[in-house]
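Participant: Encoded as structure tokens, here's the structure I'll be asking about.
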Amino acid sequence: MVPEKHLMREKEAPVLHKNIARASFLVYLTIMGAVAGRAQEPASTIPPVPQAITAGGGGDEAEHGQTPVLQHRKSRYQLHSSDLLELSFPFTPEFNQTVTVQPDGYITLRGVESIKVDGKTIPELVDLLRSTYAKILHDPVINVELKDFEKPYFIVGGEVGRPGKFDLRSDTSVAQAVAIAGGLRDSAKHSQVLLFHRVPDGWMQAKKVNLKKMLKEANLEEDAQLQAGDFLFVPKNTFSKIERFIPTSSVGMFTNPVLH
């Protein structure tokens with residue numbers, strides 16, 4: 001005969017196994033829930049990629065391991081006054097014409113109103129001419145040829161060996177321009193060389209270049225590149241303050257301060 005105590009243990013055994021299995025299942029669900037929650041955390045905490053990086057520019061490429069977008073120094077020629085243009089219309093030759101950019105930047109066209117072309121490139125001018133002649137012609141085809149133009153140049157004045165106007169034949173920096181102009185005089189204040197660049201509406205953009213520091217450290221990485229029509233002035237006297245943009249008429253104050 002089986003003892004009563006032993007029978008009670010056999011009856012409780014299945015119940016105990018069920019409780020252990022249930023507890024194990026709850027622990028499993030708890031652990032899996034925690035793992036699933038942690039797996040989702042990185043997706044919500046990773047910041048979105050800045051638009052400037054995805055677009056290929058914005059100045060933070062180095063910090064994010066992105067390759068910076070190269071800046072092209074050589075840009076298309078921009079039209080100026082006195083430039084001579086030949087316009088040809090292959091399918092409507094009666095509109096063929098040769099025009100000159102006037103001092104105010106406009107050209108006078110045959111059959112349509114005058115348009116301003118100063119500062120535009122040839123492809124931009126072609127698009128503008130097509131939209132202008134589309135008012136009287138159906139889908140006009142226009143070719144533009146630059147017959148004569150002002151040769152690119154830069155001017156160096158002030159305390160240099162040979163001040164004057166020079167042809168801008170290739171990429172030229174401030175240090176190279178000074179060398180082309182005969183180098184610095186002993187009286188030159190080459191820590192405050194002024195670079196003037198013409199901008200629209202009768203203004204000039206002024207930039208101060210510390211040529212002395214660049215030459216002393218033998219580091220020309222920050223040497224500014226000249227553009228066509230730029231004016232470089234090496235002063236004798238110290239200019240402690242200068243506005244970034246000044247009227248074109250005020251440039252003479254820097255080139256000959258004794259007269260002002």
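Ligands are numbered from 1 in the order shown, chains are lettered A, B, ... in the order of the structure tokens, and residues start at 1 in each chain.
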Which neighbours of range 89-95 of chain A fall inside 10 Å, counting only C-alpha atoms, when residues of the same chain fewer than 4 positions from it are skipped, and could you give them as a PyMOL selection string?
Facilitator: chain A and resi 109-111+133+137+140-144
Participant: Which of these, A:Val126, A:Ile155, A:Val174, A:Val112, has the shortest distance to Ser88 in chain A once you count only C-alpha atoms?
Facilitator: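 Answer, going by the shortest atom-to-atom distance: A:Val126.
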Participant: So how far away is CA of Thr121 in chain A from CA of Arg76 in chain A, in Å?
Facilitator: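 Going from CA of Arg76 in chain A over to CA of Thr121 in chain A, I get 6.2 Å.
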Participant: May I ask which of the residues A:Thr132, A:Phe149, A:Gln78, A:Asn96 is the closest one to Asp118 in chain A, counting only C-alpha atoms?
Facilitator: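 Checking each candidate against Asp118 in chain A, we get A:Gln78 as the closest.
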Participant: Residues within 6 Å of range 223-237 of chain A, please, as a list of chain:residue names. Count only C-alpha atoms; anything in the same chain fewer than 3 positions from it doesn't count.
Facilitator: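 With the cut-off at 6 Å, the set is A:Pro152, A:Tyr153, A:Phe154, A:Ile155, A:Val156, A:Gly157, A:Gly158, A:Glu159, A:Thr172, A:Ser173, A:Val174, A:Ser187, A:Ala188, A:Lys189, A:Val193, A:Leu194, A:Leu195, A:Phe196, A:His197, A:Leu220.
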Participant: Of the residues A:Val117, A:Ser75, A:Leu87, A:Val160, which is the one nearest to Asp186 in chain A, using only C-alpha atoms?
Facilitator: A:Val160
Participant: From a DSSP calculation on the backbone, collect every residue of range 94-157 of chain A in strand (DSSP E) and output the set as a list in words.
Facilitator: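 Strand (DSSP E) members of range 94-157 of chain A, listed: Gln97, Thr98, Val99, Thr100, Tyr106, Ile107, Ile115, Lys116, Asn143, Val144, Glu145, Leu146, Lys147, Asp148, Tyr153, Phe154, Ile155, Val156 and Gly157 of chain A.
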Participant: Write a file of the selected residues as a compact mmCIF listing (two decimals), in the first residue's frame, keeping N, CA, C and O atoms.
Facilitator:
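File produced: out37.txt:
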# COMPACT_ATOMS: atom_id res chain seq x y z
N GLN A 97 21.67 89.85 -86.84
CA GLN A 97 22.12 91.20 -86.44
C GLN A 97 23.40 91.11 -85.63
O GLN A 97 23.73 90.07 -85.05
N THR A 98 24.12 92.20 -85.61
CA THR A 98 25.30 92.35 -84.78
C THR A 98 25.04 93.49 -83.80
O THR A 98 24.66 94.59 -84.21
N VAL A 99 25.21 93.21 -82.52
CA VAL A 99 24.88 94.19 -81.49
C VAL A 99 26.07 94.41 -80.57
O VAL A 99 26.95 93.54 -80.44
N THR A 100 26.09 95.57 -79.94
CA THR A 100 27.14 95.93 -78.98
C THR A 100 26.50 96.19 -77.63
O THR A 100 25.46 96.86 -77.54
N TYR A 106 22.63 97.16 -71.68
CA TYR A 106 21.55 96.70 -72.56
C TYR A 106 22.06 96.51 -73.99
O TYR A 106 23.08 97.10 -74.39
N ILE A 107 21.31 95.70 -74.75
CA ILE A 107 21.52 95.60 -76.20
C ILE A 107 20.20 95.90 -76.89
O ILE A 107 19.13 95.55 -76.39
N ILE A 115 17.05 94.39 -74.10
CA ILE A 115 17.21 93.56 -72.91
C ILE A 115 18.56 93.84 -72.28
O ILE A 115 19.52 94.22 -72.95
N LYS A 116 18.63 93.63 -70.96
CA LYS A 116 19.89 93.84 -70.24
C LYS A 116 20.68 92.54 -70.22
O LYS A 116 20.17 91.49 -69.81
N ASN A 143 21.59 81.50 -82.51
CA ASN A 143 23.00 81.26 -82.21
C ASN A 143 23.67 82.58 -81.87
O ASN A 143 23.43 83.60 -82.53
N VAL A 144 24.51 82.56 -80.87
CA VAL A 144 25.20 83.77 -80.42
C VAL A 144 26.70 83.53 -80.45
O VAL A 144 27.19 82.52 -79.93
N GLU A 145 27.41 84.44 -81.07
CA GLU A 145 28.87 84.36 -81.14
C GLU A 145 29.47 85.65 -80.60
O GLU A 145 29.07 86.75 -81.01
N LEU A 146 30.40 85.50 -79.69
CA LEU A 146 31.08 86.65 -79.11
C LEU A 146 32.23 87.04 -80.05
O LEU A 146 33.26 86.37 -80.11
N LYS A 147 32.05 88.11 -80.78
CA LYS A 147 33.02 88.52 -81.80
C LYS A 147 34.19 89.32 -81.22
O LYS A 147 35.32 89.18 -81.65
N ASP A 148 33.91 90.17 -80.25
CA ASP A 148 34.96 90.98 -79.65
C ASP A 148 34.57 91.26 -78.20
O ASP A 148 33.39 91.46 -77.89
N TYR A 153 41.43 91.37 -67.18
CA TYR A 153 42.57 92.12 -66.64
C TYR A 153 42.41 92.29 -65.14
O TYR A 153 41.35 92.03 -64.56
N PHE A 154 43.48 92.72 -64.50
CA PHE A 154 43.44 93.15 -63.10
C PHE A 154 44.37 94.35 -62.96
O PHE A 154 45.27 94.56 -63.78
N ILE A 155 44.13 95.12 -61.93
CA ILE A 155 44.90 96.35 -61.70
C ILE A 155 45.56 96.26 -60.33
O ILE A 155 44.93 95.84 -59.35
N VAL A 156 46.83 96.63 -60.27
CA VAL A 156 47.56 96.68 -59.00
C VAL A 156 48.05 98.11 -58.81
O VAL A 156 48.68 98.69 -59.70
N GLY A 157 47.76 98.67 -57.65
CA GLY A 157 48.19 100.03 -57.34
C GLY A 157 48.80 100.10 -55.96
O GLY A 157 48.79 99.14 -55.19
Participant: Quick one: pull the distance between CA of Lys135 in chain A and CA of Ser114 in chain A, Å, one decimal.
Facilitator: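 Pair CA of Lys135 in chain A / CA of Ser114 in chain A returns 13.4 Å.
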